[in-house]
Each structure stands twice: as structure tokens, then as C-alpha cells.
>>> print(open('coords_2.txt').read())   # compact mmCIF, C-alpha atoms
# COMPACT_ATOMS: atom_id res chain seq x y z
CA MET A 1 120.34 121.55 42.48
CA SER A 2 118.04 123.64 44.63
CA ALA A 3 118.70 124.33 48.31
CA LEU A 4 115.73 122.15 49.18
CA THR A 5 117.30 119.19 47.37
CA LEU A 6 120.58 119.66 49.19
CA ALA A 7 118.97 119.95 52.61
CA PRO A 8 119.53 116.92 54.86
CA ALA A 9 116.60 114.70 55.74
CA GLY A 10 114.56 116.03 58.64
CA ILE A 11 115.64 119.68 58.03
CA GLY A 12 112.94 122.00 56.85
CA LYS A 13 109.39 122.89 57.56
CA GLY A 14 108.36 119.44 58.85
CA ALA A 15 111.25 119.32 61.36
CA ARG A 16 110.25 122.55 63.14
CA ARG A 17 108.32 121.93 66.34
CA PRO A 18 105.19 124.04 66.79
CA VAL A 19 105.21 126.42 69.75
CA SER A 20 102.26 124.58 71.31
CA VAL A 21 104.21 121.31 71.25
CA MET A 22 107.26 122.94 72.82
CA ILE A 23 105.13 124.46 75.60
CA ALA A 24 103.30 121.18 76.23
CA GLY A 25 106.59 119.30 76.27
CA ALA A 26 108.07 121.76 78.77
CA VAL A 27 105.01 121.33 80.99
CA LEU A 28 105.39 117.54 80.94
CA VAL A 29 109.09 117.77 81.75
CA LEU A 30 108.33 120.01 84.73
CA VAL A 31 105.59 117.67 85.96
CA ILE A 32 107.87 114.64 85.69
CA LEU A 33 110.68 116.46 87.52
CA ALA A 34 108.23 117.55 90.21
CA ALA A 35 107.10 113.95 90.68
CA VAL A 36 110.66 112.64 90.89
CA LEU A 37 111.78 115.40 93.27
CA ALA A 38 108.60 115.38 95.37
CA PRO A 39 110.44 114.42 98.62
CA VAL A 40 112.73 117.43 98.11
CA LEU A 41 110.18 119.97 96.84
CA ALA A 42 107.22 119.13 99.08
CA PRO A 43 107.18 121.40 102.18
CA TYR A 44 105.17 118.86 104.20
CA ALA A 45 104.52 115.14 104.27
CA PRO A 46 101.54 114.37 102.00
CA ASP A 47 99.64 112.64 104.82
CA ALA A 48 100.45 115.19 107.55
CA ILE A 49 97.13 116.22 109.14
CA ASP A 50 96.72 119.56 110.92
CA LEU A 51 93.08 120.23 111.79
CA SER A 52 93.97 123.71 113.06
CA ALA A 53 94.92 124.62 109.47
CA SER A 54 91.77 123.20 107.85
CA LEU A 55 90.86 124.89 104.54
CA VAL A 56 93.51 127.56 104.86
CA GLY A 57 93.93 129.65 101.71
CA THR A 58 97.12 130.40 99.86
CA GLY A 59 99.89 131.93 101.93
CA GLY A 60 103.48 131.69 103.02
CA GLU A 61 103.06 128.46 104.97
CA HIS A 62 100.80 126.79 102.41
CA LEU A 63 101.41 128.07 98.88
CA LEU A 64 98.32 126.34 97.46
CA GLY A 65 96.31 126.16 100.65
CA THR A 66 95.10 123.10 102.55
CA ASP A 67 92.21 120.65 102.40
CA SER A 68 89.57 119.97 105.05
CA SER A 69 92.05 117.85 107.07
CA GLY A 70 94.70 120.55 107.00
CA GLN A 71 96.90 118.62 104.55
CA ASP A 72 99.09 120.80 102.36
CA LEU A 73 97.72 120.74 98.79
CA LEU A 74 101.07 121.45 97.14
CA SER A 75 102.68 118.50 98.91
CA ARG A 76 99.79 116.19 98.04
CA ALA A 77 99.79 117.32 94.41
CA LEU A 78 103.54 116.70 94.09
CA TYR A 79 103.35 113.21 95.56
CA GLY A 80 100.13 112.50 93.68
CA ALA A 81 101.92 113.14 90.40
CA ARG A 82 103.84 109.91 90.94
CA THR A 83 100.75 107.71 91.04
CA SER A 84 98.98 109.72 88.36
CA LEU A 85 101.88 109.29 85.92
CA ILE A 86 103.13 105.79 86.71
CA ALA A 87 99.71 104.08 86.78
CA PRO A 88 98.80 105.03 83.16
CA ILE A 89 102.20 103.78 81.99
CA LEU A 90 101.59 100.39 83.62
CA LEU A 91 98.06 100.33 82.22
CA LEU A 92 99.25 100.99 78.67
CA ALA A 93 102.10 98.48 79.06
CA ILE A 94 99.52 95.76 79.79
CA ALA A 95 97.31 96.88 76.90
CA ALA A 96 100.30 97.05 74.55
CA LEU A 97 101.61 93.61 75.51
CA LEU A 98 98.24 91.94 74.89
CA GLY A 99 96.99 94.20 72.11
CA VAL A 100 100.12 94.09 69.97
CA ALA A 101 100.29 90.31 70.32
CA LEU A 102 96.64 89.82 69.31
CA GLY A 103 96.71 92.41 66.53
CA THR A 104 99.92 91.06 65.01
CA LEU A 105 98.70 87.47 65.24
CA ALA A 106 95.43 88.35 63.50
CA ALA A 107 97.15 90.26 60.70
CA TRP A 108 99.91 87.69 60.16
CA ARG A 109 97.87 84.51 60.28
CA GLY A 110 94.67 85.79 58.69
CA GLY A 111 91.79 83.39 58.03
CA TRP A 112 89.96 81.97 61.02
CA VAL A 113 92.54 83.38 63.44
CA ASP A 114 91.86 86.89 62.20
CA THR A 115 88.11 86.28 62.40
CA LEU A 116 88.35 84.90 65.94
CA VAL A 117 90.46 87.82 67.21
CA SER A 118 88.19 90.34 65.47
CA ARG A 119 85.06 88.82 67.03
CA LEU A 120 86.76 88.76 70.45
CA THR A 121 87.66 92.43 70.26
CA ASP A 122 84.17 93.27 68.99
CA VAL A 123 82.64 91.55 72.02
CA MET A 124 84.91 93.56 74.33
CA TYR A 125 83.93 96.73 72.48
CA ALA A 126 80.28 95.94 73.18
CA PHE A 127 80.92 96.81 76.83
CA PRO A 128 81.89 100.42 77.61
CA GLY A 129 85.44 100.45 78.97
CA LEU A 130 84.48 102.03 82.28
CA LEU A 131 81.58 99.60 82.80
CA PHE A 132 83.83 96.64 82.02
CA THR A 133 86.36 97.94 84.53
CA VAL A 134 83.74 98.45 87.25
CA MET A 135 82.52 94.88 86.71
CA ILE A 136 86.02 93.53 87.28
CA ILE A 137 86.49 95.75 90.36
CA ALA A 138 83.17 94.49 91.73
CA VAL A 139 84.56 90.95 91.61
CA PHE A 140 88.16 91.53 92.77
CA GLY A 141 87.74 94.60 94.95
CA ALA A 142 88.65 98.28 94.67
CA GLY A 143 92.21 99.53 94.55
CA MET A 144 94.74 101.02 92.16
CA THR A 145 96.23 97.63 91.24
CA THR A 146 92.84 96.21 90.23
CA SER A 147 92.00 99.42 88.35
CA VAL A 148 95.24 99.29 86.35
CA LEU A 149 94.76 95.63 85.44
CA ALA A 150 91.08 96.11 84.56
CA LEU A 151 91.67 99.19 82.42
CA GLY A 152 94.64 97.46 80.79
CA LEU A 153 92.24 94.74 79.62
CA ALA A 154 89.68 97.36 78.60
CA TYR A 155 92.24 99.15 76.40
CA THR A 156 93.53 95.92 74.85
CA PRO A 157 90.97 95.70 71.99
CA THR A 158 91.68 99.32 71.02
CA VAL A 159 95.41 98.64 70.74
CA ALA A 160 94.75 95.28 69.04
CA LYS A 161 92.60 96.82 66.31
CA TYR A 162 95.10 99.58 65.63
CA THR A 163 98.02 97.12 65.57
CA ARG A 164 96.13 94.84 63.19
CA SER A 165 95.51 97.66 60.71
CA VAL A 166 99.16 98.75 60.78
CA ALA A 167 100.42 95.15 60.59
CA LEU A 168 98.24 94.39 57.55
CA ALA A 169 99.81 97.31 55.69
CA GLU A 170 103.31 96.31 56.81
CA ARG A 171 102.77 92.69 55.80
CA ARG A 172 102.19 93.70 52.15
CA LYS A 173 105.58 95.38 51.83
CA PRO A 174 108.19 93.80 49.54
CA TYR A 175 110.73 93.02 52.25
CA ILE A 176 108.39 90.36 53.69
CA ASP A 177 108.42 88.44 50.39
CA ALA A 178 112.18 88.98 50.11
CA TYR A 179 112.75 87.25 53.44
CA ARG A 180 110.46 84.41 52.41
CA VAL A 181 112.47 83.90 49.22
CA GLN A 182 115.61 83.66 51.35
CA GLY A 183 114.01 80.72 53.15
CA MET A 184 113.31 82.49 56.43
CA GLY A 185 110.41 81.03 58.44
CA GLY A 186 107.18 82.94 58.89
CA ALA A 187 107.41 83.16 62.67
CA ARG A 188 110.96 84.49 62.49
CA ILE A 189 110.00 87.13 59.91
CA CYS A 190 107.07 88.22 62.05
CA VAL A 191 108.98 88.45 65.34
CA ARG A 192 112.33 89.77 64.13
CA HIS A 193 111.25 92.10 61.33
CA LEU A 194 107.52 92.80 61.20
CA VAL A 195 106.92 93.57 64.89
CA PRO A 196 109.94 95.93 65.27
CA ASN A 197 108.76 97.88 62.24
CA LEU A 198 105.42 98.45 63.97
CA GLY A 199 107.17 100.05 66.93
CA ARG A 200 107.07 103.69 65.81
CA SER A 201 103.39 103.69 64.95
CA VAL A 202 102.33 101.78 68.06
CA ILE A 203 104.40 103.97 70.40
CA GLY A 204 102.95 107.10 68.83
CA TYR A 205 99.46 105.73 69.32
CA LEU A 206 100.16 104.84 72.96
CA VAL A 207 101.39 108.36 73.64
CA VAL A 208 98.07 109.67 72.32
CA LEU A 209 96.23 107.22 74.60
CA PHE A 210 98.19 108.27 77.69
CA GLY A 211 96.00 111.27 78.45
CA GLU A 212 92.84 109.20 78.10
CA ALA A 213 94.30 106.51 80.36
CA LEU A 214 95.21 109.07 83.00
CA MET A 215 91.70 110.52 82.87
CA SER A 216 90.13 107.06 83.14
CA LEU A 217 92.16 106.20 86.23
CA ALA A 218 91.37 109.59 87.78
CA THR A 219 87.67 108.94 87.13
CA LEU A 220 87.83 105.59 88.89
CA SER A 221 89.60 107.15 91.87
CA TYR A 222 86.99 109.92 91.95
CA LEU A 223 84.23 107.30 92.01
CA GLY A 224 85.96 105.44 94.85
CA PHE A 225 87.07 102.43 92.80
CA GLY A 226 90.72 103.37 92.26
CA ALA A 227 93.20 104.83 94.72
CA GLN A 228 92.10 104.67 98.35
CA PRO A 229 92.86 107.06 101.25
CA PRO A 230 95.38 108.19 102.37
CA SER A 231 96.68 108.18 98.78
CA SER A 232 97.42 111.55 97.16
CA ASP A 233 96.17 110.44 93.75
CA TRP A 234 94.78 113.44 91.87
CA GLY A 235 91.43 111.83 91.13
CA LEU A 236 90.94 110.94 94.79
CA MET A 237 91.95 114.48 95.79
CA VAL A 238 89.21 115.91 93.59
CA GLN A 239 86.65 113.61 95.23
CA GLU A 240 87.86 114.52 98.73
CA GLY A 241 87.85 118.24 97.92
CA GLN A 242 84.33 118.23 96.51
CA ALA A 243 82.72 118.65 99.94
CA ALA A 244 84.81 121.76 100.60
CA VAL A 245 83.34 123.48 97.54
CA VAL A 246 80.02 123.80 99.42
CA GLN A 247 81.90 125.72 102.14
CA GLY A 248 83.34 128.10 99.56
CA ALA A 249 86.83 126.52 99.47
CA LEU A 250 87.61 125.80 95.82
CA LEU A 251 91.33 124.98 96.03
CA PRO A 252 91.06 121.39 97.40
CA ALA A 253 89.22 120.34 94.23
CA LEU A 254 90.64 122.94 91.85
CA VAL A 255 94.34 122.16 92.39
CA PRO A 256 94.23 118.44 91.49
CA GLY A 257 91.58 119.06 88.83
CA PHE A 258 93.79 121.65 87.15
CA ALA A 259 96.78 119.28 87.37
CA ILE A 260 94.81 116.52 85.62
CA ALA A 261 93.57 118.86 82.89
CA LEU A 262 97.04 120.35 82.33
CA VAL A 263 98.77 116.97 81.99
CA VAL A 264 96.03 115.45 79.81
CA VAL A 265 96.02 118.40 77.40
CA SER A 266 99.83 118.48 77.27
CA PHE A 267 100.04 114.76 76.53
CA ASN A 268 97.38 115.07 73.83
CA VAL A 269 99.26 117.91 72.13
CA VAL A 270 102.62 116.14 72.29
CA GLY A 271 101.06 112.76 71.48
CA VAL A 272 99.30 113.88 68.30
CA TRP A 273 102.46 115.60 67.08
CA ALA A 274 104.62 112.57 67.94
CA ALA A 275 102.18 110.18 66.25
CA ASP A 276 102.26 112.26 63.07
CA ARG A 277 106.07 112.44 63.08
CA LEU A 278 106.58 108.74 63.84
CA GLY A 279 103.96 107.74 61.26
CA SER A 280 105.59 109.86 58.56
CA ARG A 281 108.94 108.10 59.13
CA ARG A 282 107.61 104.58 58.76
>>> encode(input="coords_2.txt", output="C-alpha cells")
Amino acid sequence: MSALTLAPAGIGKGARRPVSVMIAGAVLVLVILAAVLAPVLAPYAPDAIDLSASLVGTGGEHLLGTDSSGQDLLSRALYGARTSLIAPILLLAIAALLGVALGTLAAWRGGWVDTLVSRLTDVMYAFPGLLFTVMIIAVFGAGMTTSVLALGLAYTPTVAKYTRSVALAERRKPYIDAYRVQGMGGARICVRHLVPNLGRSVIGYLVVLFGEALMSLATLSYLGFGAQPPSSDWGLMVQEGQAAVVQGALLPALVPGFAIALVVVSFNVVGVWAADRLGSRR
């Protein structure tokens, strides 16, 4: 036998992580650690105002400078990482709970149920996600909680359509018929065997969506619909730092903007790689 034949599964060219994925993964680990250790790493309280230090540049006392209120940008960015990372997770958890349920139901039942779910998701697709979210916020009021719930509903049809396509392919596999022959009920097969086998693909897809979800929430905060002052949410920080750009101070908007871009790109790189790996192991 050749060496390739004798090699264990997962060893070889496909198991080697690209350098870009390793770098992106390291960035995400550092950002998560910074968010968790924010109370230890932050030199100042995120809401500490010092008007005498307004728009101070980088230096020993303020490594990344300050905003127009004299708040330390490093401290705000560290604390803002918590909201900016946790909120997309909650958003995608809502979308996954509803989307996976609808997509699996449509694929498993078929017929009029599939048609009804498909038409429902098509109607939701007719409204741009951000517009749909703003409509909900207009009714229930601005705030991060409303934004997370609204965007969770907006992302539901996307997850539902993806889950339906994966579930349809999974439903045609021989093990489904084998369980039926053994006398196992349809609902039990679906819940105990079909849905768990969708896990890898759905999780990979959600990782890819994380960066988009983070950007959507940051956009809402920038527009004034998401996080409200004195929050240190990155999107809100960009909006608050915009006025300082006119005065020649770029850091109040640049620091949170760079943090958003860095995390979104890193999640996209890791997410695409993870989706490919998880999909290939199905």
C-alpha cells in the first residue's frame, strides 16, 4: 500500500490549516480574551469622563487617545468588545432556533407545509433585512435588545432556506429508510437522527453569518437604533466619533471602526474555512 493509503483520516493536505486561517483565529482569540479580561486590562472605566483630556492623541496615559468627552478609547474598545461579540451570538441563536425548526419542518413534511414555509420566507425576503428591523424598532423602540430580536427574525428566513436545502439532501440518505423499516416513527427519526446530522453544516453556516450579524448590529447602533449612550458598543463609538473627524481627530472613529473590520474579516476567513471542513465531513 502507498503512504497515502496508510495515512490516518484527517492527515494530509486537507488537514493543514492555511496561514490566513491561523492568523484570523489568533486575532479572534485575542479579541475574546480582551473582552473577557476588560476589567483587568482597561486602564480607565469606560464611562469615565475627563473634559480636560478631550481628543488627546496617543500617549503614555491614553495609548489610543480619547474621544470628545475625554473617555479613554482603549478602555471603551475593550468593554465594547463584550457587547459587539455577545449580541451577534444571541441574534444568531434566535435565528437558528426558528430557522432550523422551520427549515427542517418544511423538508421533512413536504407538500403544503413546505409550500407554506417557502412562501412565508419569500415574503420576509421581500423586505430588506435592515428595513424590516427598523420597522420593528419603530414600533417597540430603540435599544440593543429590540435590535437583537428584530435582526434575529430578519435572519430567520436565511437560516430556514439553508436548513431546508441541507435537510432535503439528508432526508434522502439510506439510514432514514432503515429506521423506518425498524418501525421508528417519523417524528422520532427527524428529531433524534435527522436534526443532529444537520448540526455540522448549520454551525458552519452560522459562523459565516457571524461577521454579517456583527456588522448589521454595528450599523443599527451607528444609526441610533441599537446600543444607546453611555454604551461602549463599537458601532455607537463610530457614530460618536464622527463629529471629531471634522476637528482633525481621527482616532475616536478609527479605533472602533478598525476593530469592527478586523473582527468581521477574521470571522469571515475562519467561518468559510470551518464551513468547508464541516461540510466535507458530513
>>> closest_residue(input="coords_2.txt", among="A:Asp122, A:Asp177, A:Asp114, A:Glu61", to="A:Ser165", atoms="only C-alpha atoms")
A:Asp114
>>> closest_residue(input="coords_2.txt", among="A:Ile189, A:Ile32, A:Ala244, A:Leu206", to="A:Ala275", atoms="only C-alpha atoms")
A:Leu206
>>> atom_distance(input="coords_2.txt", atom1="atom CA of A:Tyr79", atom2="atom CA of A:Ala38")
5.7 Å
>>> residues_around(input="coords_2.txt", residues="stretch 158-161 of chain A", least_positions_apart="6", cutoff="12 Å", atoms="only C-alpha atoms", output="ChimeraX atom specification")
/A:91-107,114,117-125,128-129,151-152,167-168,201-209
>>> closest_residue(input="coords_2.txt", among="A:Gly211, A:Pro256, A:Gly199, A:Gly271", to="A:Leu78", atoms="all atoms listed in the file")
A:Pro256
>>> closest_residue(input="coords_2.txt", among="A:Leu37, A:Leu55, A:Met144, A:Ala48", to="A:Gln228", atoms="all atoms listed in the file")
A:Met144
>>> atom_distance(input="coords_2.txt", atom1="atom CA of A:Thr83", atom2="atom CA of A:Gly248")
28.1 Å
>>> residues_around(input="coords_2.txt", residues="A:Tyr175", least_positions_apart="5", cutoff="12 Å", atoms="only C-alpha atoms", output="list in words")
Glu170, Arg180, Val181, Gln182, Met184, Ile189, Cys190, His193, Leu194 and Asn197 of chain A
>>> closest_residue(input="coords_2.txt", among="A:Val40, A:Leu74, A:Leu90, A:Leu130", to="A:Met237", atoms="only C-alpha atoms")
A:Leu74
>>> residues_around(input="coords_2.txt", residues="stretch 66-72 of chain A", least_positions_apart="6", cutoff="9 Å", atoms="all atoms listed in the file", output="PyMOL selection string")
chain A and resi 42-58+240-241+243-244+249+251-253
>>> write_last_selection(input="coords_2.txt", atoms="C-alpha atoms", output="PDB file, keeping the file's coordinate frame")
ATOM      1  CA  ALA A  42     107.220 119.130  99.080  1.00  0.00           C
ATOM      2  CA  PRO A  43     107.180 121.400 102.180  1.00  0.00           C
ATOM      3  CA  TYR A  44     105.170 118.860 104.200  1.00  0.00           C
ATOM      4  CA  ALA A  45     104.520 115.140 104.270  1.00  0.00           C
ATOM      5  CA  PRO A  46     101.540 114.370 102.000  1.00  0.00           C
ATOM      6  CA  ASP A  47      99.640 112.640 104.820  1.00  0.00           C
ATOM      7  CA  ALA A  48     100.450 115.190 107.550  1.00  0.00           C
ATOM      8  CA  ILE A  49      97.130 116.220 109.140  1.00  0.00           C
ATOM      9  CA  ASP A  50      96.720 119.560 110.920  1.00  0.00           C
ATOM     10  CA  LEU A  51      93.080 120.230 111.790  1.00  0.00           C
ATOM     11  CA  SER A  52      93.970 123.710 113.060  1.00  0.00           C
ATOM     12  CA  ALA A  53      94.920 124.620 109.470  1.00  0.00           C
ATOM     13  CA  SER A  54      91.770 123.200 107.850  1.00  0.00           C
ATOM     14  CA  LEU A  55      90.860 124.890 104.540  1.00  0.00           C
ATOM     15  CA  VAL A  56      93.510 127.560 104.860  1.00  0.00           C
ATOM     16  CA  GLY A  57      93.930 129.650 101.710  1.00  0.00           C
ATOM     17  CA  THR A  58      97.120 130.400  99.860  1.00  0.00           C
ATOM     18  CA  GLU A 240      87.860 114.520  98.730  1.00  0.00           C
ATOM     19  CA  GLY A 241      87.850 118.240  97.920  1.00  0.00           C
ATOM     20  CA  ALA A 243      82.720 118.650  99.940  1.00  0.00           C
ATOM     21  CA  ALA A 244      84.810 121.760 100.600  1.00  0.00           C
ATOM     22  CA  ALA A 249      86.830 126.520  99.470  1.00  0.00           C
ATOM     23  CA  LEU A 251      91.330 124.980  96.030  1.00  0.00           C
ATOM     24  CA  PRO A 252      91.060 121.390  97.400  1.00  0.00           C
ATOM     25  CA  ALA A 253      89.220 120.340  94.230  1.00  0.00           C
TER      26      ALA A 253
END
>>> residues_around(input="coords_2.txt", residues="A:Ser266", least_positions_apart="5", cutoff="10 Å", atoms="only C-alpha atoms", output="number ranges by chain")
A: 20-28, 211, 260-261, 271
>>> residues_around(input="coords_2.txt", residues="A:Thr133", least_positions_apart="4", cutoff="9 Å", atoms="all atoms listed in the file", output="list in words")
Pro128, Gly129, Ile137, Ala138, Thr146, Ser147, Leu149, Ala150, Leu151, Leu153, Ala154 and Leu220 of chain A
>>> closest_residue(input="coords_2.txt", among="A:Arg200, A:Gly143, A:Ala213, A:Arg188", to="A:Val263", atoms="all atoms listed in the file")
A:Ala213
>>> axis_aligned_box(input="coords_2.txt", around="stretch 131-137 of chain A", padding_each_side="8 Å", output="lines of an AutoDock Vina configuration file")
center_x = 84.0
center_y = 96.6
center_z = 86.2
size_x = 20.9
size_y = 22.1
size_z = 24.3
>>> residues_near_point(input="coords_2.txt", point="(95.8, 115.3, 97.0)", cutoff="7 Å", atoms="only C-alpha atoms", output="MDAnalysis selection string")
chainID A and resid 73 76:77 80 232:234 236:237 256
>>> atom_distance(input="coords_2.txt", atom1="atom CA of A:Val270", atom2="atom CA of A:Leu131")
28.8 Å
>>> decode(input="coords_2.txt", residues="stretch 61-86 of chain A", atoms="N, CA and C atoms", output="PDB file, in the first residue's frame")
ATOM      1  N   GLU A  61      -0.509  58.095  28.912  1.00  0.00           N
ATOM      2  CA  GLU A  61      -1.719  57.999  29.725  1.00  0.00           C
ATOM      3  C   GLU A  61      -2.887  57.404  28.952  1.00  0.00           C
ATOM      4  N   HIS A  62      -2.933  57.659  27.667  1.00  0.00           N
ATOM      5  CA  HIS A  62      -4.010  57.137  26.821  1.00  0.00           C
ATOM      6  C   HIS A  62      -3.374  56.536  25.566  1.00  0.00           C
ATOM      7  N   LEU A  63      -3.220  55.215  25.572  1.00  0.00           N
ATOM      8  CA  LEU A  63      -2.485  54.549  24.495  1.00  0.00           C
ATOM      9  C   LEU A  63      -3.132  54.747  23.130  1.00  0.00           C
ATOM     10  N   LEU A  64      -4.469  54.816  23.075  1.00  0.00           N
ATOM     11  CA  LEU A  64      -5.171  55.019  21.815  1.00  0.00           C
ATOM     12  C   LEU A  64      -5.865  56.374  21.749  1.00  0.00           C
ATOM     13  N   GLY A  65      -5.552  57.242  22.692  1.00  0.00           N
ATOM     14  CA  GLY A  65      -6.160  58.558  22.700  1.00  0.00           C
ATOM     15  C   GLY A  65      -7.503  58.570  23.407  1.00  0.00           C
ATOM     16  N   THR A  66      -8.198  59.704  23.284  1.00  0.00           N
ATOM     17  CA  THR A  66      -9.507  59.874  23.917  1.00  0.00           C
ATOM     18  C   THR A  66     -10.505  60.429  22.916  1.00  0.00           C
ATOM     19  N   ASP A  67     -11.791  60.365  23.292  1.00  0.00           N
ATOM     20  CA  ASP A  67     -12.826  60.942  22.433  1.00  0.00           C
ATOM     21  C   ASP A  67     -13.128  62.370  22.882  1.00  0.00           C
ATOM     22  N   SER A  68     -14.184  62.958  22.342  1.00  0.00           N
ATOM     23  CA  SER A  68     -14.500  64.357  22.628  1.00  0.00           C
ATOM     24  C   SER A  68     -14.882  64.584  24.094  1.00  0.00           C
ATOM     25  N   SER A  69     -15.296  63.538  24.792  1.00  0.00           N
ATOM     26  CA  SER A  69     -15.640  63.664  26.219  1.00  0.00           C
ATOM     27  C   SER A  69     -14.473  63.317  27.123  1.00  0.00           C
ATOM     28  N   GLY A  70     -13.332  63.016  26.540  1.00  0.00           N
ATOM     29  CA  GLY A  70     -12.170  62.651  27.340  1.00  0.00           C
ATOM     30  C   GLY A  70     -12.179  61.208  27.796  1.00  0.00           C
ATOM     31  N   GLN A  71     -13.060  60.384  27.238  1.00  0.00           N
ATOM     32  CA  GLN A  71     -13.101  58.963  27.602  1.00  0.00           C
ATOM     33  C   GLN A  71     -11.996  58.205  26.879  1.00  0.00           C
ATOM     34  N   ASP A  72     -11.329  57.334  27.609  1.00  0.00           N
ATOM     35  CA  ASP A  72     -10.214  56.574  27.060  1.00  0.00           C
ATOM     36  C   ASP A  72     -10.705  55.591  26.002  1.00  0.00           C
ATOM     37  N   LEU A  73     -10.167  55.685  24.783  1.00  0.00           N
ATOM     38  CA  LEU A  73     -10.649  54.853  23.675  1.00  0.00           C
ATOM     39  C   LEU A  73     -10.277  53.383  23.853  1.00  0.00           C
ATOM     40  N   LEU A  74      -9.117  53.111  24.416  1.00  0.00           N
ATOM     41  CA  LEU A  74      -8.726  51.719  24.650  1.00  0.00           C
ATOM     42  C   LEU A  74      -9.689  51.048  25.613  1.00  0.00           C
ATOM     43  N   SER A  75     -10.025  51.739  26.696  1.00  0.00           N
ATOM     44  CA  SER A  75     -10.953  51.171  27.679  1.00  0.00           C
ATOM     45  C   SER A  75     -12.325  50.941  27.061  1.00  0.00           C
ATOM     46  N   ARG A  76     -12.811  51.902  26.303  1.00  0.00           N
ATOM     47  CA  ARG A  76     -14.123  51.764  25.664  1.00  0.00           C
ATOM     48  C   ARG A  76     -14.120  50.626  24.647  1.00  0.00           C
ATOM     49  N   ALA A  77     -13.032  50.505  23.886  1.00  0.00           N
ATOM     50  CA  ALA A  77     -12.955  49.441  22.884  1.00  0.00           C
ATOM     51  C   ALA A  77     -12.939  48.063  23.540  1.00  0.00           C
ATOM     52  N   LEU A  78     -12.231  47.949  24.668  1.00  0.00           N
ATOM     53  CA  LEU A  78     -12.171  46.658  25.362  1.00  0.00           C
ATOM     54  C   LEU A  78     -13.540  46.268  25.910  1.00  0.00           C
ATOM     55  N   TYR A  79     -14.204  47.199  26.557  1.00  0.00           N
ATOM     56  CA  TYR A  79     -15.538  46.900  27.095  1.00  0.00           C
ATOM     57  C   TYR A  79     -16.558  46.743  25.954  1.00  0.00           C
ATOM     58  N   GLY A  80     -16.385  47.512  24.893  1.00  0.00           N
ATOM     59  CA  GLY A  80     -17.305  47.403  23.765  1.00  0.00           C
ATOM     60  C   GLY A  80     -17.230  46.063  23.066  1.00  0.00           C
ATOM     61  N   ALA A  81     -16.094  45.381  23.180  1.00  0.00           N
ATOM     62  CA  ALA A  81     -15.959  44.058  22.569  1.00  0.00           C
ATOM     63  C   ALA A  81     -16.975  43.077  23.148  1.00  0.00           C
ATOM     64  N   ARG A  82     -17.333  43.270  24.407  1.00  0.00           N
ATOM     65  CA  ARG A  82     -18.303  42.362  25.032  1.00  0.00           C
ATOM     66  C   ARG A  82     -19.653  42.430  24.328  1.00  0.00           C
ATOM     67  N   THR A  83     -20.180  43.641  24.195  1.00  0.00           N
ATOM     68  CA  THR A  83     -21.471  43.805  23.517  1.00  0.00           C
ATOM     69  C   THR A  83     -21.376  43.399  22.054  1.00  0.00           C
ATOM     70  N   SER A  84     -20.287  43.785  21.406  1.00  0.00           N
ATOM     71  CA  SER A  84     -20.144  43.543  19.979  1.00  0.00           C
ATOM     72  C   SER A  84     -19.980  42.064  19.654  1.00  0.00           C
ATOM     73  N   LEU A  85     -19.568  41.249  20.602  1.00  0.00           N
ATOM     74  CA  LEU A  85     -19.422  39.812  20.372  1.00  0.00           C
ATOM     75  C   LEU A  85     -20.621  39.015  20.883  1.00  0.00           C
ATOM     76  N   ILE A  86     -21.164  39.400  22.023  1.00  0.00           N
ATOM     77  CA  ILE A  86     -22.270  38.643  22.609  1.00  0.00           C
ATOM     78  C   ILE A  86     -23.568  38.865  21.840  1.00  0.00           C
TER      79      ILE A  86
END
